[in-house]
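Peer 1: First, the structure itself, so that you have it in front of you.
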Amino acid sequence: MNNFWNTVYFENSLLTYTITVAGILIGLAIVRLLKEVLLIRLKRWSQKTKTTFDDFIVESFDRSVIPILYILVMYAGLNYLTLPVKADTVIHIAMLLACTFYLLRFINSTIQYFVLSFLKRKDDGDVKQKQARGLLVIIKVIIWVLGIVFLLDNFGYNVSTIIAGLGIGGIAIALAAQTILGDLFSYFVILFDRPFEIGDFIIVDDKMGVVEYIGIKTTRLKTLSGEQLVCSNKDLTDARLHNFKRMEKRRVVFSIGVTYQTSADVLESIPQLIKEIIISNDDVVFDRGHFASYGASSINFEFVYFVLTADYNVYMDKQQAIYLNMYREFENRGIEFAYPTQTLFLKQEKAKPETAHHTLDNKYSRV
């Protein structure tokens, strides 16, 4: 019987194979039991709490730690066997690759959770979370690059030479991709300085729209006519930008002109009349109204008021109501709006007695 268990196949006895298989099965069963019993109970407990941190821990344990435990059990069992050098090297490399993958994924998810949780507690947290997507992509790339360098170091490569090569290559790439890097740095300016955010209505030069997406290289606007406008981040940070969402109230200035035939008493009453029309509207504050100037064909008045909202539709509704009421009052009071007019005086020739059909009483007639 002892001879049976001591029979050697590929440099390992049957007893060694049996112990290896039994150890792997027992280890996998323990990990499975840990997942089915402990992890499920932790999930039920975390769902009853108000915080999301425990949910994140349980989910990360399920997605990353459990697979690593399975891999380590398999690796420990196979490591008990006497294997050829090549096979042992392949198993070691596979274990490193798998464990590094799950470990990096856990690190990335942890950083993402803490960054998004921090931004969520800020004002307009949902908007800031969307803006941070580009930053998270950069962080993930850096972490994966560091993970690859770690693997290469464990595989016996000279990491110092690789890093030096990456540095030289990085300089060459930076020179060749100055525009892309400019947009990338402008993305960080937008992210941290926050000249605008997602949902803001902005005007850049002659372009305007609502910010829909802020990426690493470009920012996308939805224009008033409905199409999507894509702008490079560098162009936006270099331009003079008007952000209308930051406006708490809207200042409105308008002028009107009345004819010179308007009496002085009526002229004196116009500022008070317009003031009463303006303050009769809700969310509107009157600032001033004055007889401003004598025009070429009109007497001009200037008025200023504030609409206590940044909403453009509300502003247009208030302005329309004020203009209509003003027109109605002027019509009722017989006040005439001025428009460009010109009076011409024409010189008339005196008719000869034998050909004249009419006698002119005046030398000049007015048209």
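Please note that chains go A, B, ... in the order of the structure tokens, that every chain numbers its residues from 1, and that ligands are numbered from 1 in the order shown.
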So that each row is one residue of segment 266-331 of chain A with an atom at most 12 Å from segment 198-212 of chain A, can you give its shortest atom pair and the distance in Å to one decimal, using only C-alpha atoms, rows by chain and rising number, as a tab-separated table?
Peer 2:
```
residue	atom	partner	partner_atom	distance
A:Ala310	CA	A:Phe201	CA	10.2
A:Asp311	CA	A:Phe201	CA	10.2
A:Tyr312	CA	A:Phe201	CA	10.2
```
Peer 1: Those residues you just picked out, can you put them in a file as an mmCIF file, in the first residue's frame with N, CA, C and O atoms?
Peer 2:
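part-v6.cif, written as the output of this step:
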```cif
data_model
loop_
_atom_site.group_PDB
_atom_site.id
_atom_site.type_symbol
_atom_site.label_atom_id
_atom_site.label_comp_id
_atom_site.auth_asym_id
_atom_site.auth_seq_id
_atom_site.Cartn_x
_atom_site.Cartn_y
_atom_site.Cartn_z
ATOM 1 N N ALA A 310 -31.781 85.030 -13.127
ATOM 2 C CA ALA A 310 -30.912 84.907 -14.298
ATOM 3 C C ALA A 310 -31.601 84.184 -15.448
ATOM 4 O O ALA A 310 -31.040 84.091 -16.538
ATOM 5 N N ASP A 311 -32.812 83.707 -15.221
ATOM 6 C CA ASP A 311 -33.527 82.948 -16.249
ATOM 7 C C ASP A 311 -33.865 83.863 -17.430
ATOM 8 O O ASP A 311 -34.543 84.884 -17.269
ATOM 9 N N TYR A 312 -33.391 83.482 -18.618
ATOM 10 C CA TYR A 312 -33.580 84.336 -19.795
ATOM 11 C C TYR A 312 -35.052 84.427 -20.195
ATOM 12 O O TYR A 312 -35.526 85.499 -20.596
#
```
Peer 1: Using only C-alpha atoms, which of A:Leu119, A:Ile40, A:Val149, A:Ala29 sits nearest Leu97 of chain A?
Peer 2: A:Val149
Peer 1: A:Gly156, A:Pro67, A:Gly215, A:Gly147: which is nearest Lys130 of chain A, counting only C-alpha atoms?
Peer 2: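 Going through A:Gly156, A:Pro67, A:Gly215, A:Gly147 one by one, the smallest distance to Lys130 of chain A is for A:Gly215.
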Peer 1: What are the DSSP alpha helix (DSSP H) residues of segment 116-358 of chain A, as number ranges by chain?
Peer 2: A: 116-120, 125-131, 133-154, 159-176, 178-193, 233-238, 264-279, 312-333
Peer 1: Counting only C-alpha atoms, what is within 6 Å of segment 263-275 of chain A, bar same-chain residues fewer than 2 positions away, as a PyMOL selection string?
Peer 2: chain A and resi 277-278+289
Peer 1: Write out as a list of chain:residue names the residues lying within 12 Å of Thr89 of chain A, counting only C-alpha atoms and excluding same-chain residues fewer than 3 positions away.
Peer 2: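 Here the qualifying residues turn out to be A:Tyr75, A:Leu78, A:Asn79, A:Leu83, A:Pro84, A:Val85, A:Lys86, A:His92, A:Ile93, A:Ala94, A:Met95, A:Leu96, A:Asn154, A:Phe155, A:Gly156.
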Peer 1: Can you tell me how far atom CA of Thr309 of chain A sits from atom CA of Lys249 of chain A, in Å to one decimal?
Peer 2: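 Going from atom CA of Thr309 of chain A over to atom CA of Lys249 of chain A, I get 4.7 Å.
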Peer 1: DSSP on the backbone, strand (DSSP E) only: what residues of segment 197-354 of chain A does that give? Format it as an NGL selection string.
Peer 2: :A and (201-204 or 207-214 or 218-222 or 228-232 or 241-243 or 250-258 or 284-294 or 299-307 or 345-347)
Peer 1: Skipping near chain neighbours, those fewer than 3 positions away, what residues fall within 12 Å of Val253 of chain A using only C-alpha atoms, listed as a VMD selection string?
Peer 2: chain A and resid 250 256 286 to 290 301 to 307 319
Peer 1: The selected residues should be written to file as a short mmCIF file (atom, residue, chain, number, x, y, z; two decimals), in the first residue's frame (atoms: all heavy atoms).
Peer 2:
```
data_model
loop_
_atom_site.label_atom_id
_atom_site.label_comp_id
_atom_site.auth_asym_id
_atom_site.auth_seq_id
_atom_site.Cartn_x
_atom_site.Cartn_y
_atom_site.Cartn_z
N ARG A 250 -30.47 90.35 -13.47
CA ARG A 250 -30.16 90.85 -14.82
C ARG A 250 -30.50 92.35 -14.89
O ARG A 250 -31.62 92.76 -14.57
CB ARG A 250 -30.97 90.08 -15.86
CG ARG A 250 -30.57 90.37 -17.29
CD ARG A 250 -31.46 89.58 -18.23
NE ARG A 250 -31.21 88.16 -18.11
CZ ARG A 250 -30.35 87.48 -18.86
NH1 ARG A 250 -29.65 88.11 -19.77
NH2 ARG A 250 -30.21 86.17 -18.69
N ILE A 256 -36.36 105.36 -24.76
CA ILE A 256 -37.51 105.67 -25.60
C ILE A 256 -37.40 107.13 -26.03
O ILE A 256 -36.73 107.94 -25.38
CB ILE A 256 -38.85 105.44 -24.87
CG1 ILE A 256 -38.95 106.35 -23.63
CG2 ILE A 256 -39.02 103.99 -24.50
CD1 ILE A 256 -40.32 106.35 -22.99
N PHE A 286 -37.07 98.66 -9.85
CA PHE A 286 -36.79 99.87 -10.62
C PHE A 286 -35.53 100.53 -10.07
O PHE A 286 -35.35 100.66 -8.86
CB PHE A 286 -37.99 100.82 -10.53
CG PHE A 286 -37.78 102.12 -11.26
CD1 PHE A 286 -37.97 102.21 -12.62
CD2 PHE A 286 -37.39 103.26 -10.57
CE1 PHE A 286 -37.79 103.40 -13.30
CE2 PHE A 286 -37.21 104.46 -11.23
CZ PHE A 286 -37.40 104.53 -12.60
N ASP A 287 -34.66 100.99 -10.97
CA ASP A 287 -33.42 101.64 -10.54
C ASP A 287 -33.49 103.15 -10.79
O ASP A 287 -33.38 103.94 -9.87
CB ASP A 287 -32.22 101.03 -11.27
CG ASP A 287 -30.91 101.62 -10.81
OD1 ASP A 287 -30.79 101.93 -9.62
OD2 ASP A 287 -29.99 101.77 -11.64
N ARG A 288 -33.69 103.56 -12.04
CA ARG A 288 -33.75 104.99 -12.32
C ARG A 288 -34.43 105.23 -13.65
O ARG A 288 -34.54 104.33 -14.50
CB ARG A 288 -32.35 105.60 -12.35
CG ARG A 288 -31.45 105.05 -13.45
CD ARG A 288 -30.10 105.76 -13.45
NE ARG A 288 -29.22 105.22 -14.48
CZ ARG A 288 -29.25 105.60 -15.76
NH1 ARG A 288 -30.12 106.52 -16.16
NH2 ARG A 288 -28.42 105.07 -16.63
N GLY A 289 -34.87 106.48 -13.86
CA GLY A 289 -35.44 106.92 -15.13
C GLY A 289 -35.26 108.41 -15.28
O GLY A 289 -35.58 109.18 -14.36
N HIS A 290 -34.72 108.87 -16.41
CA HIS A 290 -34.38 110.28 -16.58
C HIS A 290 -34.65 110.76 -18.01
O HIS A 290 -34.61 109.97 -18.96
CB HIS A 290 -32.89 110.53 -16.25
CG HIS A 290 -32.53 110.27 -14.84
ND1 HIS A 290 -32.04 109.06 -14.42
CD2 HIS A 290 -32.62 111.06 -13.74
CE1 HIS A 290 -31.80 109.10 -13.11
NE2 HIS A 290 -32.15 110.29 -12.68
N PHE A 301 -35.53 109.52 -23.35
CA PHE A 301 -35.53 109.13 -21.94
C PHE A 301 -34.77 107.81 -21.81
O PHE A 301 -34.82 106.97 -22.71
CB PHE A 301 -36.96 108.95 -21.41
CG PHE A 301 -37.73 110.23 -21.30
CD1 PHE A 301 -38.36 110.78 -22.41
CD2 PHE A 301 -37.84 110.88 -20.08
CE1 PHE A 301 -39.08 111.96 -22.31
CE2 PHE A 301 -38.56 112.06 -19.96
CZ PHE A 301 -39.17 112.60 -21.09
N GLU A 302 -34.12 107.64 -20.66
CA GLU A 302 -33.39 106.38 -20.40
C GLU A 302 -33.85 105.81 -19.06
O GLU A 302 -33.97 106.56 -18.07
CB GLU A 302 -31.88 106.62 -20.36
CG GLU A 302 -31.09 105.32 -20.17
CD GLU A 302 -29.59 105.56 -20.17
OE1 GLU A 302 -29.07 106.01 -19.13
OE2 GLU A 302 -28.95 105.31 -21.21
N PHE A 303 -34.09 104.48 -19.05
CA PHE A 303 -34.59 103.81 -17.84
C PHE A 303 -33.74 102.57 -17.56
O PHE A 303 -33.25 101.92 -18.49
CB PHE A 303 -36.06 103.40 -18.01
CG PHE A 303 -36.98 104.58 -18.21
CD1 PHE A 303 -37.28 105.02 -19.50
CD2 PHE A 303 -37.52 105.23 -17.13
CE1 PHE A 303 -38.11 106.11 -19.69
CE2 PHE A 303 -38.35 106.33 -17.32
CZ PHE A 303 -38.66 106.77 -18.60
N VAL A 304 -33.61 102.26 -16.28
CA VAL A 304 -32.84 101.09 -15.84
C VAL A 304 -33.65 100.35 -14.78
O VAL A 304 -34.18 100.96 -13.85
CB VAL A 304 -31.46 101.48 -15.25
CG1 VAL A 304 -30.70 100.23 -14.80
CG2 VAL A 304 -30.64 102.27 -16.26
N TYR A 305 -33.74 99.02 -14.95
CA TYR A 305 -34.38 98.20 -13.92
C TYR A 305 -33.67 96.86 -13.85
O TYR A 305 -32.86 96.51 -14.72
CB TYR A 305 -35.88 98.02 -14.20
CG TYR A 305 -36.22 97.23 -15.44
CD1 TYR A 305 -36.41 95.85 -15.39
CD2 TYR A 305 -36.37 97.87 -16.68
CE1 TYR A 305 -36.73 95.13 -16.52
CE2 TYR A 305 -36.70 97.16 -17.81
CZ TYR A 305 -36.87 95.78 -17.73
OH TYR A 305 -37.19 95.06 -18.85
N PHE A 306 -33.95 96.09 -12.79
CA PHE A 306 -33.33 94.79 -12.57
C PHE A 306 -34.40 93.71 -12.52
O PHE A 306 -35.43 93.88 -11.86
CB PHE A 306 -32.53 94.76 -11.26
CG PHE A 306 -31.31 95.62 -11.27
CD1 PHE A 306 -31.37 96.93 -10.80
CD2 PHE A 306 -30.11 95.14 -11.74
CE1 PHE A 306 -30.24 97.73 -10.81
CE2 PHE A 306 -28.97 95.93 -11.76
CZ PHE A 306 -29.04 97.23 -11.30
N VAL A 307 -34.14 92.61 -13.23
CA VAL A 307 -34.96 91.40 -13.12
C VAL A 307 -34.25 90.46 -12.14
O VAL A 307 -33.09 90.10 -12.37
CB VAL A 307 -35.15 90.72 -14.49
CG1 VAL A 307 -36.00 89.45 -14.34
CG2 VAL A 307 -35.81 91.67 -15.47
N GLN A 319 -39.84 91.85 -19.70
CA GLN A 319 -39.60 92.94 -20.64
C GLN A 319 -40.78 93.13 -21.58
O GLN A 319 -41.19 94.26 -21.86
CB GLN A 319 -38.33 92.66 -21.43
CG GLN A 319 -37.99 93.73 -22.45
CD GLN A 319 -36.68 93.45 -23.15
OE1 GLN A 319 -35.64 93.92 -22.72
NE2 GLN A 319 -36.72 92.67 -24.22
#
```
Peer 1: Got a sec: who's within 10 Å of Ile299 of chain A, counting only C-alpha atoms, leaving out chain neighbours fewer than 6 positions off, as a PDB file with all heavy atoms, in the first residue's frame?
Peer 2:
```
ATOM      1  N   ILE A 256     -36.357 105.364 -24.758  1.00  0.00           N
ATOM      2  CA  ILE A 256     -37.514 105.674 -25.601  1.00  0.00           C
ATOM      3  C   ILE A 256     -37.399 107.133 -26.033  1.00  0.00           C
ATOM      4  O   ILE A 256     -36.725 107.944 -25.375  1.00  0.00           O
ATOM      5  CB  ILE A 256     -38.849 105.440 -24.873  1.00  0.00           C
ATOM      6  CG1 ILE A 256     -38.948 106.354 -23.634  1.00  0.00           C
ATOM      7  CG2 ILE A 256     -39.017 103.986 -24.500  1.00  0.00           C
ATOM      8  CD1 ILE A 256     -40.315 106.347 -22.988  1.00  0.00           C
ATOM      9  N   GLY A 257     -38.045 107.459 -27.126  1.00  0.00           N
ATOM     10  CA  GLY A 257     -38.060 108.830 -27.613  1.00  0.00           C
ATOM     11  C   GLY A 257     -39.479 109.271 -27.928  1.00  0.00           C
ATOM     12  O   GLY A 257     -40.261 108.483 -28.481  1.00  0.00           O
ATOM     13  N   VAL A 258     -39.823 110.498 -27.550  1.00  0.00           N
ATOM     14  CA  VAL A 258     -41.142 111.059 -27.863  1.00  0.00           C
ATOM     15  C   VAL A 258     -40.941 112.282 -28.754  1.00  0.00           C
ATOM     16  O   VAL A 258     -39.842 112.844 -28.844  1.00  0.00           O
ATOM     17  CB  VAL A 258     -41.906 111.434 -26.574  1.00  0.00           C
ATOM     18  CG1 VAL A 258     -42.171 110.186 -25.733  1.00  0.00           C
ATOM     19  CG2 VAL A 258     -41.139 112.461 -25.752  1.00  0.00           C
ATOM     20  N   THR A 259     -41.995 112.699 -29.389  1.00  0.00           N
ATOM     21  CA  THR A 259     -41.896 113.801 -30.351  1.00  0.00           C
ATOM     22  C   THR A 259     -41.712 115.138 -29.638  1.00  0.00           C
ATOM     23  O   THR A 259     -42.030 115.301 -28.454  1.00  0.00           O
ATOM     24  CB  THR A 259     -43.164 113.865 -31.205  1.00  0.00           C
ATOM     25  OG1 THR A 259     -44.288 114.110 -30.347  1.00  0.00           O
ATOM     26  CG2 THR A 259     -43.372 112.556 -31.944  1.00  0.00           C
ATOM     27  N   TYR A 260     -41.195 116.111 -30.392  1.00  0.00           N
ATOM     28  CA  TYR A 260     -40.978 117.452 -29.837  1.00  0.00           C
ATOM     29  C   TYR A 260     -42.293 118.195 -29.613  1.00  0.00           C
ATOM     30  O   TYR A 260     -42.316 119.230 -28.940  1.00  0.00           O
ATOM     31  CB  TYR A 260     -40.078 118.265 -30.769  1.00  0.00           C
ATOM     32  CG  TYR A 260     -38.605 118.029 -30.526  1.00  0.00           C
ATOM     33  CD1 TYR A 260     -37.903 117.088 -31.265  1.00  0.00           C
ATOM     34  CD2 TYR A 260     -37.931 118.740 -29.539  1.00  0.00           C
ATOM     35  CE1 TYR A 260     -36.560 116.869 -31.043  1.00  0.00           C
ATOM     36  CE2 TYR A 260     -36.584 118.523 -29.305  1.00  0.00           C
ATOM     37  CZ  TYR A 260     -35.890 117.577 -30.054  1.00  0.00           C
ATOM     38  OH  TYR A 260     -34.559 117.369 -29.819  1.00  0.00           O
ATOM     39  N   GLN A 261     -43.391 117.677 -30.155  1.00  0.00           N
ATOM     40  CA  GLN A 261     -44.687 118.303 -29.937  1.00  0.00           C
ATOM     41  C   GLN A 261     -45.263 117.988 -28.560  1.00  0.00           C
ATOM     42  O   GLN A 261     -46.308 118.523 -28.173  1.00  0.00           O
ATOM     43  CB  GLN A 261     -45.685 117.863 -31.010  1.00  0.00           C
ATOM     44  CG  GLN A 261     -45.459 118.490 -32.376  1.00  0.00           C
ATOM     45  CD  GLN A 261     -44.238 117.934 -33.084  1.00  0.00           C
ATOM     46  OE1 GLN A 261     -43.865 116.795 -32.826  1.00  0.00           O
ATOM     47  NE2 GLN A 261     -43.609 118.744 -33.944  1.00  0.00           N
ATOM     48  N   THR A 262     -44.587 117.116 -27.782  1.00  0.00           N
ATOM     49  CA  THR A 262     -45.064 116.749 -26.450  1.00  0.00           C
ATOM     50  C   THR A 262     -44.864 117.912 -25.493  1.00  0.00           C
ATOM     51  O   THR A 262     -43.814 118.559 -25.477  1.00  0.00           O
ATOM     52  CB  THR A 262     -44.288 115.522 -25.922  1.00  0.00           C
ATOM     53  OG1 THR A 262     -44.346 114.485 -26.903  1.00  0.00           O
ATOM     54  CG2 THR A 262     -44.888 115.028 -24.632  1.00  0.00           C
ATOM     55  N   LEU A 267     -43.892 115.611 -20.514  1.00  0.00           N
ATOM     56  CA  LEU A 267     -42.507 115.157 -20.419  1.00  0.00           C
ATOM     57  C   LEU A 267     -42.105 114.916 -18.965  1.00  0.00           C
ATOM     58  O   LEU A 267     -41.423 113.941 -18.641  1.00  0.00           O
ATOM     59  CB  LEU A 267     -41.564 116.183 -21.052  1.00  0.00           C
ATOM     60  CG  LEU A 267     -41.643 116.363 -22.562  1.00  0.00           C
ATOM     61  CD1 LEU A 267     -40.696 117.479 -23.011  1.00  0.00           C
ATOM     62  CD2 LEU A 267     -41.309 115.070 -23.290  1.00  0.00           C
ATOM     63  N   PHE A 291     -34.905 112.061 -18.113  1.00  0.00           N
ATOM     64  CA  PHE A 291     -34.860 112.756 -19.390  1.00  0.00           C
ATOM     65  C   PHE A 291     -33.378 112.788 -19.771  1.00  0.00           C
ATOM     66  O   PHE A 291     -32.576 113.491 -19.166  1.00  0.00           O
ATOM     67  CB  PHE A 291     -35.421 114.166 -19.180  1.00  0.00           C
ATOM     68  CG  PHE A 291     -35.519 115.012 -20.424  1.00  0.00           C
ATOM     69  CD1 PHE A 291     -36.449 116.037 -20.495  1.00  0.00           C
ATOM     70  CD2 PHE A 291     -34.694 114.807 -21.536  1.00  0.00           C
ATOM     71  CE1 PHE A 291     -36.544 116.831 -21.625  1.00  0.00           C
ATOM     72  CE2 PHE A 291     -34.779 115.595 -22.655  1.00  0.00           C
ATOM     73  CZ  PHE A 291     -35.712 116.613 -22.702  1.00  0.00           C
ATOM     74  N   ALA A 292     -33.005 112.046 -20.807  1.00  0.00           N
ATOM     75  CA  ALA A 292     -31.589 111.792 -21.064  1.00  0.00           C
ATOM     76  C   ALA A 292     -30.961 112.778 -22.041  1.00  0.00           C
ATOM     77  O   ALA A 292     -29.848 113.253 -21.821  1.00  0.00           O
ATOM     78  CB  ALA A 292     -31.381 110.365 -21.581  1.00  0.00           C
ATOM     79  N   SER A 293     -31.679 113.108 -23.156  1.00  0.00           N
ATOM     80  CA  SER A 293     -31.023 113.940 -24.166  1.00  0.00           C
ATOM     81  C   SER A 293     -32.044 114.448 -25.170  1.00  0.00           C
ATOM     82  O   SER A 293     -33.176 113.951 -25.262  1.00  0.00           O
ATOM     83  CB  SER A 293     -29.935 113.140 -24.898  1.00  0.00           C
ATOM     84  OG  SER A 293     -30.517 112.057 -25.611  1.00  0.00           O
ATOM     85  N   PHE A 337     -44.765 108.268 -29.744  1.00  0.00           N
ATOM     86  CA  PHE A 337     -43.369 107.848 -29.857  1.00  0.00           C
ATOM     87  C   PHE A 337     -42.742 108.528 -31.068  1.00  0.00           C
ATOM     88  O   PHE A 337     -43.386 108.667 -32.118  1.00  0.00           O
ATOM     89  CB  PHE A 337     -43.262 106.325 -30.027  1.00  0.00           C
ATOM     90  CG  PHE A 337     -43.565 105.556 -28.783  1.00  0.00           C
ATOM     91  CD1 PHE A 337     -44.801 104.958 -28.601  1.00  0.00           C
ATOM     92  CD2 PHE A 337     -42.611 105.430 -27.785  1.00  0.00           C
ATOM     93  CE1 PHE A 337     -45.087 104.253 -27.469  1.00  0.00           C
ATOM     94  CE2 PHE A 337     -42.883 104.716 -26.640  1.00  0.00           C
ATOM     95  CZ  PHE A 337     -44.126 104.128 -26.466  1.00  0.00           C
ATOM     96  N   ALA A 338     -41.517 108.933 -30.924  1.00  0.00           N
ATOM     97  CA  ALA A 338     -40.822 109.585 -32.032  1.00  0.00           C
ATOM     98  C   ALA A 338     -40.256 108.542 -32.973  1.00  0.00           C
ATOM     99  O   ALA A 338     -39.918 107.432 -32.578  1.00  0.00           O
ATOM    100  CB  ALA A 338     -39.704 110.471 -31.499  1.00  0.00           C
TER     101      ALA A 338
END
```
Peer 1: So the first atom is atom CA of Lys140 of chain A and the second is atom CA of Val189 of chain A; what is the distance between them in Å, to one decimal place?
Peer 2: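 About the pair atom CA of Lys140 of chain A and atom CA of Val189 of chain A: they are 19.6 Å apart.
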Peer 1: Just give me the gap between atom CA of Pro340 of chain A and atom CA of Gly295 of chain A in Å, one decimal is fine.
Peer 2: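 These two atoms are separated by 10.0 Å.
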Peer 1: Do a neighbour search on Trp45 of chain A at 10 Å with only C-alpha atoms, toss out local chain neighbours closer than 5 positions, and write the hits as a ChimeraX atom specification.
Peer 2: /A:39-40,54-55,58
